[in-house]
Protein chains: 2
Amino acid sequence: MAFEKIKRSENYSEWYNNLVKNADLAEHAAVKGCMVIKPYGYAIWEKIQQQLDKMFKQTGHSNAYFPLLIPKSFFEKEEKNAAGFAKECAVVTHYRLKVDENRKIIVDEDAKLEEELIIRPTSEAIIWSTYKGWIQSYRDLPILINQWANVMRWEMRTRLFLRTSEFLWQEGHTAHATSDEAIAETKQMLEVYAEFAETFMGVPVVKGVKTENERFAGAIETYCIEGLMQDGKALQMGTSHFLGQNFAKAFDVKFQTKEGKLEYVWATSWGVSTRLMGALVMAHSDDDGLVLPPKLAPIHVVIVPIYKTDAEREKVETLALEIRKKLEALDLSVKFDNRDTYKPGFKFAEWELKGVPLRMGIGPRDVENGTVELARRDTREKSVIGVEGIDTYVKNLLDEIQEAIYKRAKDFRDSNIHEVNTWDEFVEVLDTKGGFISAHWDGTADVEEKIKGLTKATIRCIPLNNKPESGKCILTGNPSVQRVLFAKAY
Amino acid sequence: MAFEKIKRSENYSEWYNNLVKNADLAEHAAVKGCMVIKPYGYAIWEKIQQQLDKMFKQTGHSNAYFPLLIPKSFFEKEEKNAAGFAKECAVVTHYRLKVDENRKIIVDEDAKLEEELIIRPTSEAIIWSTYKGWIQSYRDLPILINQWANVMRWEMRTRLFLRTSEFLWQEGHTAHATSDEAIAETKQMLEVYAEFAETFMGVPVVKGVKTENERFAGAIETYCIEGLMQDGKALQMGTSHFLGQNFAKAFDVKFQTKEGKLEYVWATSWGVSTRLMGALVMAHSDDDGLVLPPKLAPIHVVIVPIYKTDAEREKVETLALEIRKKLEALDLSVKFDNRDTYKPGFKFAEWELKGVPLRMGIGPRDVENGTVELARRDTREKSVIGVEGIDTYVKNLLDEIQEAIYKRAKDFRDSNIHEVNTWDEFVEVLDTKGGFISAHWDGTADVEEKIKGLTKATIRCIPLNNKPESGKCILTGNPSVQRVLFAKAY
């Protein structure tokens with residue numbers, strides 16, 4: 001290809017940026033901090049959306065749409081939420097432009113808004129102000145709504161998919177009659193996220209609870225899934241919040257119980273974003289390009305014809321089209337790359353870069369022998385396979401690839417959870433190996449802050465499957481009742 | 001139901017507003033001019049999206065995503081486009097809020113943007129500034145991209161779905177090597193819209209070209225589909241623009257031709273929006289509620305059990321569940337309304353309000369006789385049908401309903417295209433009958449403006465299938481070569 005290849009081992013960060021651009025996933029937009037998601041990248045996002053949407057609907061949720069703009073005063077109502085998000089908001093102050101005497105477009109100062117409007121950084125405020133009108137009685141509960149939307153958080157240092165000022169996401173916002181029901185919903189959606197990450201993205205995750213420092217502004221408890229990238233840094237892939245009655249109190253949303261009492265409503269919210277695209281790239285890809293799990297790959301199989309003469313071309317293409325038809329009948333997505341402006345070697349490199357799970361080469365000898373050559377993107381293994389029954393063979397092989405990609409990521413993750421017991425060990429492992437570090441911590445926000453200041457490592461979560469274990473805090477030596485997972489994170 | 005019923009014949013506008021709210025389609029948001037699309041309304045929008053998206057992909061388009069915010073200076077580049085949209089834009093001037101000494105949230109004046117950002121009213125500017133980086137050679141063309149997004153046009157007088165400050169839409173933006181190819185694309189997408197409107201929404205449309213006055217700001221030619229609502233007013237349901245080289249020139253997007261010359265790229269853009277929801281409601285619904293065409297109905301069949309005793313209930317529910325299973329096996333969406341808090345009559349009214357195409361009542365006598373009662377929403381016809389083969393019967397009946405809804409709308413539309421030849425006739429028909437008025441016009445923007453000023457009627461389009469016909473302009477008596485379609489419009 002015509003661009004520079006950068007190795008993961010040399011500069012992981014540059015490797016990532018280059019790959020996202022070269023594989024046509026996304027690029028920086030003319031607007032600072034924002035991105036353009038290109039068709040190939042968006043096709044992957046659409047697959048992510050479709051699958052998650054299906055899972056949300058299977059668990060009883062419906063989609064709806066709430067406004068982009070939120071009156072500034074709404075933010076004041078939930079104090080912690082406001083403090084958490086006020087720093088980084090795009091503020092709309094005017095509603096008209098005009099053309100001045102020099103034919104320049106300027107802001108019309110006569111069109112100043114009485115109250116400024118904020119582009120949503122998250123929608124709890126606008127949604128709970130709306131739910132107030134929808135909820136009177138226990139009969140109106142639960143409300144199980146999801147929204148697919150764009151949101152905006154002003155960011156100074158941005159990276160494609162991982163941290164951009166505007167990003168795409170889904171945000172679930174549910175309302176319940178009891179605390180138990182809301183907590184069950186919070187946990188259910190965490191499970192949905194974990195299942196999606198592992199089964200579809202092929203990324204193993206640790207399910208856990210955030211510490212107070214890392215909790216969503218306005219939540220009682222934040223659950224999360226954390227993945228491990230190939231450079232040993234963690235990435236928060238999704239969060240599910242139990243919001244208690246905080247937003248119901250902020251927006252005065254009460255309901256009449258079966259017994260006739262008036263009570264505040266219980267809430268959850270949960271979201272994943274285009275950040276998952278970053279996780280997908282960083283968890284599996286290699287120095288030659290993307291490695292996409294078949295379940296999220298826009299193209300499952302690329303067929304590259306190999307020929308010299310026109311007569312050869314005709315034979316090869318006939319077989320290629322036959323095979324494509326069979327594969328498509330099994331709901332596989334097939335690209336037949338018959339461009340005659342490029343040579344096979346160029347095409348091989350291009351589809352490797354784009355992470356297509358299987359490449360099928362067909363030459364004149366294959367036509368004679370009734371075979372094709374299959375090359376796996378994940379392992380680079382090549383094999384010559386008979387045309388007879390190729391469709392089910394390919395389908396099964398794609399399942400095998402999906403499994404293999406997950407297993408490799410899981411082996412990597414499992415071998416990169418390090419138990420440490422002293423501060424020196426902690427610092428050394430963090431510097432030399434990275435990964436998740438399982439260590440004792442005394443449970444105070446203050447010490448967590450200090451560790452972050454000293455090492456940049458944060459507590460990613462307290463794993464849900466944690467065993468109680470008494471020990472001593474790695475920094476203070478104070479007593480601790482369990483290990484938590486530290487890591488440097490995106 | 002617990003709310004006021006308003007008749008179309010008494011107050012069409014109030015009827016519409018009430019219906020949109022009572023049928024749980026949408027409501028006004030806390031933010032002026034914006035709407036909340038409620039789950040039932042959004043489910044219809046999702047059906048619209050899915051079908052259109054399929055049609056866009058079948059015609060070779062891919063989805064992508066471009067930024068919400070556009071630098072103000074980009075608007076200056078295409079002068080007409082700027083003049084057309086500058087009036088009505090939301091302007092972002094700051095990127096931070098802060099908490100003042102009284103714990104009020106205020107705009108942080110230190111965080112003023114050097115250049116203001118505009119929330120996209122449409123995306124030609126940001127997309128063509130991006131295409132500049134994507135297009136060098138004829139090999140890079142065509143680019144066939146669509147975007148599903150929210151856009152914002154500040155509106156003073158708003159109506160749910162028909163005119164809101166924020167709305168959801170899709171916008172196609174394509175780039176071509178030749179003028180012919182771009183014009184063919186423009187027309188192709190008009191055909192896609194027309195087919196969607198007629199086959200899926202059941203709304204017959206006139207395909208035509210806009211006059212210069214009504215053309216998209218920045219287009220060479222705007223094609224449109226126009227529907228007729230039950231009150232005799234027209235509604236523009238979709239537009240497809242041939243943009244010539246205007247945006248390529250504004251953003252300096254050139255390509256090298258096969259012959260090695262440098263030329264500006266040719267462009268199209270095309271869009272439909274949540275406005276289609278308004279068309280759907282206004283074209284078919286009646287005084288009792290929505291009438292949804294089966295192809296866009298979130299629920300095809302509602303089953304309402306009718307019983308007195310527990311024993312009856314059990315029998316009735318068993319049959320209902322059997323039938324639901326059969327219908328679902330044919331990909332039909334079935335709601336089994338077994339709420340015991342409401343009586344059948346209440347449920348009937350609720351599902352009529354929500355426009356479910358078929359209601360199936362099952363009582364103890366039905367169980368005995370092996371029958372059910374089917375009630376069509378569109379005609380109100382009821383019939384008793386044997387359970388044997390009910391699934392294919394229902395599926396066929398839904399097709400018949402789809403057809404019938406379209407036919408009724410088409411008959412109404414066809415009988416409301418009035419040819420007039422004098423000004424008096426024009427004014428009289430407009431006042432008494434409404435509908436489309438086919439009349440001669442001298443082709444000048446000035447006269448079109450005058451007619452609008454005198455009557456509020458605008459030229460909806462010059463129909464594509466127009467026959468040349470010499471005549472005299474209804475207002476000026478000047479010579480005219482063809483009739484055009486006037487109407488009062490939403």
# chains A, B, ... in the order shown; residues from 1 in each chain; ligands from 1
$ closest_atom_pairs --of "chain A" --to "chain B" --cutoff "6 Å" --atoms "only C-alpha atoms" --output "CSV"
residue,atom,partner,partner_atom,distance
A:Val36,CA,B:Phe66,CA,4.8
A:Ile37,CA,B:Tyr65,CA,4.9
A:Lys38,CA,B:Ala64,CA,5.2
A:Pro39,CA,B:Ala64,CA,4.7
A:Tyr42,CA,B:Ala64,CA,5.4
A:Ser62,CA,B:Pro39,CA,5.9
A:Asn63,CA,B:Pro39,CA,5.6
A:Ala64,CA,B:Pro39,CA,4.7
A:Tyr65,CA,B:Ile37,CA,5.0
A:Phe66,CA,B:Val36,CA,4.8
A:Ala86,CA,B:Leu97,CA,5.2
A:Lys87,CA,B:Arg96,CA,5.2
A:Glu88,CA,B:Arg96,CA,5.2
A:Cys89,CA,B:Arg96,CA,5.1
A:Ala90,CA,B:Tyr95,CA,4.4
A:Val91,CA,B:His94,CA,5.2
A:Val92,CA,B:Val92,CA,4.2
A:His94,CA,B:Val91,CA,5.2
A:Tyr95,CA,B:Ala90,CA,4.4
A:Arg96,CA,B:Cys89,CA,5.1
A:Leu97,CA,B:Ala86,CA,5.2
$ residues_around --residues "region 229-236 of chain B" --least-positions-apart "4" --cutoff "10 Å" --atoms "only C-alpha atoms" --output "PyMOL selection string"
chain B and resi 8-9+11-13+162+203+205-206+224-225+272+275-276+278-286+409+412-413+416-417+430+432-436+457-458+460-461+486-490
$ write_last_selection --atoms "N, CA and C atoms" --output "compact mmCIF listing (two decimals), in the first residue's frame"
# COMPACT_ATOMS: atom_id res chain seq x y z
N ARG B 8 -61.86 15.90 12.60
CA ARG B 8 -61.15 16.52 11.49
C ARG B 8 -61.94 17.66 10.88
N SER B 9 -63.26 17.41 10.75
CA SER B 9 -64.10 18.40 10.06
C SER B 9 -64.24 19.69 10.86
N ASN B 11 -61.85 20.98 13.31
CA ASN B 11 -60.60 21.72 13.42
C ASN B 11 -59.46 20.77 13.07
N TYR B 12 -59.08 20.78 11.81
CA TYR B 12 -58.11 19.81 11.32
C TYR B 12 -56.79 19.92 12.06
N SER B 13 -56.40 21.14 12.31
CA SER B 13 -55.12 21.40 12.93
C SER B 13 -55.09 20.89 14.38
N LEU B 162 -44.06 18.13 11.66
CA LEU B 162 -44.12 18.89 10.41
C LEU B 162 -43.08 19.99 10.37
N VAL B 203 -49.11 6.59 0.49
CA VAL B 203 -49.43 7.97 0.13
C VAL B 203 -49.02 8.22 -1.33
N VAL B 205 -48.00 10.18 -4.58
CA VAL B 205 -47.27 11.45 -4.68
C VAL B 205 -47.18 11.92 -6.13
N VAL B 206 -47.07 13.23 -6.27
CA VAL B 206 -46.75 13.82 -7.56
C VAL B 206 -45.24 14.04 -7.58
N CYS B 224 -38.86 16.88 -6.39
CA CYS B 224 -39.58 16.65 -5.14
C CYS B 224 -40.73 15.67 -5.34
N ILE B 225 -41.17 15.10 -4.21
CA ILE B 225 -42.44 14.38 -4.22
C ILE B 225 -43.40 15.16 -3.32
N VAL B 272 -35.12 12.87 3.24
CA VAL B 272 -36.46 12.85 3.83
C VAL B 272 -36.28 12.87 5.35
N ARG B 275 -40.65 14.48 9.16
CA ARG B 275 -41.83 15.06 8.55
C ARG B 275 -42.74 13.98 7.94
N LEU B 276 -42.12 12.91 7.45
CA LEU B 276 -42.90 11.82 6.87
C LEU B 276 -43.89 11.26 7.89
N GLY B 278 -45.55 13.04 9.96
CA GLY B 278 -46.70 13.94 9.86
C GLY B 278 -47.55 13.58 8.65
N ALA B 279 -46.90 13.29 7.53
CA ALA B 279 -47.64 12.92 6.32
C ALA B 279 -48.44 11.65 6.55
N LEU B 280 -47.81 10.70 7.21
CA LEU B 280 -48.47 9.42 7.48
C LEU B 280 -49.75 9.62 8.31
N VAL B 281 -49.64 10.46 9.32
CA VAL B 281 -50.79 10.72 10.18
C VAL B 281 -51.88 11.46 9.38
N MET B 282 -51.48 12.51 8.66
CA MET B 282 -52.48 13.38 8.02
C MET B 282 -53.11 12.77 6.78
N ALA B 283 -52.45 11.81 6.16
CA ALA B 283 -53.00 11.25 4.92
C ALA B 283 -54.09 10.22 5.19
N HIS B 284 -54.01 9.49 6.31
CA HIS B 284 -54.89 8.33 6.46
C HIS B 284 -55.79 8.34 7.69
N SER B 285 -55.41 9.07 8.72
CA SER B 285 -56.08 8.87 10.00
C SER B 285 -57.49 9.43 10.01
N ASP B 286 -58.29 9.03 11.01
CA ASP B 286 -59.67 9.51 11.08
C ASP B 286 -59.99 10.03 12.48
N ALA B 409 -56.45 6.85 -0.52
CA ALA B 409 -55.69 8.11 -0.58
C ALA B 409 -55.52 8.56 -2.03
N PHE B 412 -58.76 10.01 -3.37
CA PHE B 412 -58.93 11.36 -2.80
C PHE B 412 -58.03 12.35 -3.53
N ARG B 413 -56.79 11.98 -3.70
CA ARG B 413 -55.84 12.86 -4.37
C ARG B 413 -56.28 13.13 -5.81
N ASN B 416 -58.90 15.49 -6.32
CA ASN B 416 -58.60 16.82 -5.82
C ASN B 416 -57.46 17.49 -6.58
N ILE B 417 -57.35 17.14 -7.85
CA ILE B 417 -56.48 17.91 -8.74
C ILE B 417 -57.42 18.67 -9.67
N LEU B 430 -59.45 27.37 -4.65
CA LEU B 430 -58.54 27.37 -3.51
C LEU B 430 -59.31 27.54 -2.20
N THR B 432 -62.67 27.03 -1.71
CA THR B 432 -63.76 26.10 -1.43
C THR B 432 -63.33 24.64 -1.43
N LYS B 433 -62.42 24.29 -2.33
CA LYS B 433 -62.07 22.88 -2.45
C LYS B 433 -60.65 22.56 -1.98
N GLY B 434 -59.73 23.48 -2.15
CA GLY B 434 -58.33 23.16 -1.84
C GLY B 434 -57.78 22.16 -2.83
N GLY B 435 -56.86 21.35 -2.38
CA GLY B 435 -56.25 20.36 -3.26
C GLY B 435 -55.21 20.98 -4.17
N PHE B 436 -54.76 20.19 -5.13
CA PHE B 436 -53.81 20.70 -6.12
C PHE B 436 -54.58 21.45 -7.20
N ALA B 457 -51.06 30.38 -1.72
CA ALA B 457 -50.76 29.18 -2.51
C ALA B 457 -49.37 29.31 -3.13
N THR B 458 -48.65 28.21 -3.16
CA THR B 458 -47.33 28.18 -3.79
C THR B 458 -47.33 27.14 -4.91
N ARG B 460 -46.25 23.98 -6.05
CA ARG B 460 -45.66 22.79 -5.41
C ARG B 460 -44.63 22.15 -6.31
N CYS B 461 -44.94 22.08 -7.60
CA CYS B 461 -43.97 21.56 -8.54
C CYS B 461 -44.47 21.67 -9.98
N PHE B 486 -50.36 24.24 -8.22
CA PHE B 486 -50.40 25.11 -7.05
C PHE B 486 -51.10 24.40 -5.90
N ALA B 487 -50.78 24.82 -4.69
CA ALA B 487 -51.55 24.37 -3.52
C ALA B 487 -51.13 25.19 -2.32
N LYS B 488 -52.00 25.24 -1.35
CA LYS B 488 -51.54 25.67 -0.03
C LYS B 488 -50.80 24.48 0.56
N ALA B 489 -49.74 24.78 1.27
CA ALA B 489 -48.91 23.65 1.71
C ALA B 489 -48.49 23.77 3.16
N TYR B 490 -48.15 22.63 3.75
CA TYR B 490 -47.55 22.62 5.09
C TYR B 490 -46.10 23.02 4.98
$ atom_distance --atom1 "CA of Gly370 (chain B)" --atom2 "CA of Ala297 (chain B)"
27.6 Å
$ residues_around --residues "Gly84 (chain A)" --least-positions-apart "3" --cutoff "7 Å" --atoms "only C-alpha atoms" --output "PyMOL selection string"
chain A and resi 80-81+217
$ residues_around --residues "Asn22 (chain A)" --least-positions-apart "6" --cutoff "12 Å" --atoms "only C-alpha atoms" --output "count of residues only"
22
$ residues_around --residues "Ser137 (chain A)" --least-positions-apart "2" --cutoff "6 Å" --atoms "only C-alpha atoms" --output "PyMOL selection string"
chain A and resi 139-140+255-256
$ write_last_selection --atoms "C-alpha atoms" --output "tab-separated table (two decimals), in the first residue's frame"
chain	number	residue	atom	x	y	z
A	139	ARG	CA	-49.12	1.36	36.41
A	140	ASP	CA	-46.86	3.66	34.40
A	255	PHE	CA	-45.56	7.88	41.62
A	256	GLN	CA	-48.51	6.50	43.51
$ closest_residue --among "A:Met360, A:Ala177, A:Ile459, A:Met277" --to "Asn213 (chain A)" --atoms "only C-alpha atoms"
A:Ile459
$ residues_around --residues "region 301-315 of chain B" --least-positions-apart "2" --cutoff "9 Å" --atoms "only C-alpha atoms" --output "PyMOL selection string"
chain B and resi 299+317-320+324+327+332-338+343-344+347-348+351+356-364+367+394
$ select_by_dssp --residues "region 277-402 of chain B" --states "strand (DSSP E or B)" --output "short mmCIF file (atom, residue, chain, number, x, y, z; two decimals) with N, CA and C atoms, in the first residue's frame"
data_model
loop_
_atom_site.label_atom_id
_atom_site.label_comp_id
_atom_site.auth_asym_id
_atom_site.auth_seq_id
_atom_site.Cartn_x
_atom_site.Cartn_y
_atom_site.Cartn_z
N ASP B 286 -58.29 9.03 11.01
CA ASP B 286 -59.67 9.51 11.08
C ASP B 286 -59.99 10.03 12.48
N GLY B 289 -58.68 8.03 15.42
CA GLY B 289 -57.26 7.80 15.66
C GLY B 289 -56.47 7.53 14.40
N VAL B 301 -51.37 -6.93 14.42
CA VAL B 301 -52.61 -7.52 14.92
C VAL B 301 -52.63 -7.41 16.44
N VAL B 302 -53.73 -6.89 16.98
CA VAL B 302 -53.87 -6.94 18.43
C VAL B 302 -54.95 -7.96 18.75
N ILE B 303 -54.64 -8.85 19.67
CA ILE B 303 -55.63 -9.86 20.08
C ILE B 303 -56.20 -9.45 21.44
N VAL B 304 -57.53 -9.28 21.48
CA VAL B 304 -58.18 -8.90 22.72
C VAL B 304 -59.06 -10.06 23.19
N PRO B 305 -58.73 -10.65 24.32
CA PRO B 305 -59.54 -11.76 24.84
C PRO B 305 -60.80 -11.22 25.54
N VAL B 334 -47.49 -9.21 16.69
CA VAL B 334 -48.77 -9.42 17.36
C VAL B 334 -48.71 -8.93 18.80
N LYS B 335 -49.71 -8.20 19.20
CA LYS B 335 -49.82 -7.78 20.61
C LYS B 335 -50.98 -8.55 21.21
N PHE B 336 -50.71 -9.27 22.28
CA PHE B 336 -51.79 -9.96 22.99
C PHE B 336 -52.12 -9.10 24.20
N LEU B 358 -55.34 -4.55 12.32
CA LEU B 358 -56.33 -5.60 12.57
C LEU B 358 -56.50 -5.87 14.06
N ARG B 359 -57.75 -5.97 14.47
CA ARG B 359 -58.03 -6.36 15.85
C ARG B 359 -58.71 -7.72 15.81
N MET B 360 -58.25 -8.61 16.66
CA MET B 360 -58.85 -9.94 16.72
C MET B 360 -59.48 -10.12 18.09
N GLY B 361 -60.79 -10.29 18.11
CA GLY B 361 -61.48 -10.54 19.37
C GLY B 361 -61.74 -12.03 19.50
N ILE B 362 -61.44 -12.57 20.68
CA ILE B 362 -61.70 -14.00 20.90
C ILE B 362 -62.50 -14.17 22.19
N THR B 371 -63.63 -20.14 15.84
CA THR B 371 -63.62 -18.90 15.05
C THR B 371 -62.98 -17.76 15.86
N VAL B 372 -62.73 -16.66 15.16
CA VAL B 372 -62.35 -15.41 15.83
C VAL B 372 -63.10 -14.27 15.12
N GLU B 373 -63.15 -13.11 15.78
CA GLU B 373 -63.73 -11.95 15.11
C GLU B 373 -62.62 -11.02 14.69
N LEU B 374 -62.56 -10.68 13.42
CA LEU B 374 -61.55 -9.76 12.94
C LEU B 374 -62.21 -8.42 12.61
N ALA B 375 -61.55 -7.34 13.07
CA ALA B 375 -62.06 -6.00 12.75
C ALA B 375 -60.95 -5.21 12.07
N ARG B 376 -61.23 -4.71 10.89
CA ARG B 376 -60.27 -3.90 10.15
C ARG B 376 -60.30 -2.48 10.66
N LYS B 382 -66.15 -5.85 10.13
CA LYS B 382 -65.90 -6.98 11.03
C LYS B 382 -66.31 -8.26 10.33
N SER B 383 -65.60 -9.33 10.63
CA SER B 383 -66.01 -10.61 10.06
C SER B 383 -65.59 -11.72 11.00
N VAL B 384 -66.36 -12.81 10.97
CA VAL B 384 -66.04 -13.96 11.80
C VAL B 384 -65.35 -15.00 10.91
N ILE B 385 -64.16 -15.40 11.35
CA ILE B 385 -63.30 -16.22 10.50
C ILE B 385 -62.91 -17.49 11.23
N GLY B 386 -62.85 -18.59 10.49
CA GLY B 386 -62.44 -19.85 11.10
C GLY B 386 -60.97 -19.84 11.49
#
$ atom_distance --atom1 "CA of Asn246 (chain B)" --atom2 "CA of Ser123 (chain B)"
14.2 Å
$ select_by_dssp --residues "region 134-238 of chain B" --states "alpha helix (DSSP H)" --output "JSON, numbers by chain"
{"B": [134, 179, 180, 181, 182, 183, 184, 185, 186, 187, 188, 189, 190, 191, 192, 193, 194, 195]}
$ write_last_selection --atoms "C-alpha atoms" --output "PDB file, in the first residue's frame"
ATOM      1  CA  TRP B 134     -11.145  11.913  -0.614  1.00  0.00           C
ATOM      2  CA  SER B 179     -23.204  15.932 -15.002  1.00  0.00           C
ATOM      3  CA  ASP B 180     -25.276  13.176 -16.621  1.00  0.00           C
ATOM      4  CA  GLU B 181     -24.382  10.693 -13.939  1.00  0.00           C
ATOM      5  CA  ALA B 182     -25.271  13.167 -11.184  1.00  0.00           C
ATOM      6  CA  ILE B 183     -28.613  13.979 -12.805  1.00  0.00           C
ATOM      7  CA  ALA B 184     -29.360  10.257 -13.168  1.00  0.00           C
ATOM      8  CA  GLU B 185     -28.584   9.810  -9.450  1.00  0.00           C
ATOM      9  CA  THR B 186     -30.865  12.729  -8.528  1.00  0.00           C
ATOM     10  CA  LYS B 187     -33.723  11.185 -10.491  1.00  0.00           C
ATOM     11  CA  GLN B 188     -33.046   7.685  -9.216  1.00  0.00           C
ATOM     12  CA  MET B 189     -33.365   8.844  -5.608  1.00  0.00           C
ATOM     13  CA  LEU B 190     -36.575  10.690  -6.427  1.00  0.00           C
ATOM     14  CA  GLU B 191     -37.933   7.379  -7.734  1.00  0.00           C
ATOM     15  CA  VAL B 192     -36.812   5.611  -4.543  1.00  0.00           C
ATOM     16  CA  TYR B 193     -38.672   8.197  -2.462  1.00  0.00           C
ATOM     17  CA  ALA B 194     -41.798   7.964  -4.621  1.00  0.00           C
ATOM     18  CA  GLU B 195     -41.802   4.181  -4.432  1.00  0.00           C
TER      19      GLU B 195
END
$ atom_distance --atom1 "CA of Pro463 (chain A)" --atom2 "CA of Arg483 (chain A)"
8.7 Å
$ residues_around --residues "Ile474 (chain B)" --least-positions-apart "6" --cutoff "12 Å" --atoms "only C-alpha atoms" --output "list in words"
Glu419, Val420, Asn421, Thr422, Trp423, Asp424, Glu425, Phe426, Val427, Ile437, Ser438, Ala439, His440, Trp441, Asp442, Gly443, Val447, Glu448, Lys450, Ile451, Ser480, Gln482, Arg483, Val484 and Phe486 of chain B
$ closest_residue --among "A:Arg339, A:Lys452, A:Arg408, A:Lys325" --to "Pro204 (chain A)" --atoms "only C-alpha atoms"
A:Arg408
$ closest_residue --among "A:Thr239, A:Thr59, A:Thr476, A:Gln170" --to "Glu214 (chain A)" --atoms "only C-alpha atoms"
A:Thr239
$ decode --residues "region 80-104 of chain A" --atoms "C-alpha atoms" --output "short mmCIF file (atom, residue, chain, number, x, y, z; two decimals), in the first residue's frame"
data_model
loop_
_atom_site.label_atom_id
_atom_site.label_comp_id
_atom_site.auth_asym_id
_atom_site.auth_seq_id
_atom_site.Cartn_x
_atom_site.Cartn_y
_atom_site.Cartn_z
CA LYS A 80 -23.28 16.16 41.19
CA ASN A 81 -24.29 15.52 37.62
CA ALA A 82 -23.93 19.21 36.88
CA ALA A 83 -20.51 19.44 38.50
CA GLY A 84 -19.37 16.35 36.61
CA PHE A 85 -20.41 17.55 33.19
CA ALA A 86 -20.47 21.35 33.30
CA LYS A 87 -16.79 21.63 32.54
CA GLU A 88 -16.96 20.27 29.07
CA CYS A 89 -20.09 21.47 27.31
CA ALA A 90 -20.83 23.11 24.00
CA VAL A 91 -23.05 26.11 24.72
CA VAL A 92 -25.61 27.53 22.28
CA THR A 93 -26.14 31.22 22.93
CA HIS A 94 -27.68 32.55 19.68
CA TYR A 95 -30.19 31.31 17.15
CA ARG A 96 -29.41 33.37 14.07
CA LEU A 97 -26.60 34.51 11.80
CA LYS A 98 -26.72 37.45 9.45
CA VAL A 99 -24.73 38.84 6.58
CA ASP A 100 -22.93 42.09 7.41
CA GLU A 101 -22.09 45.01 5.11
CA ASN A 102 -18.91 43.26 3.90
CA ARG A 103 -20.91 40.15 3.00
CA LYS A 104 -19.33 38.28 5.89
#
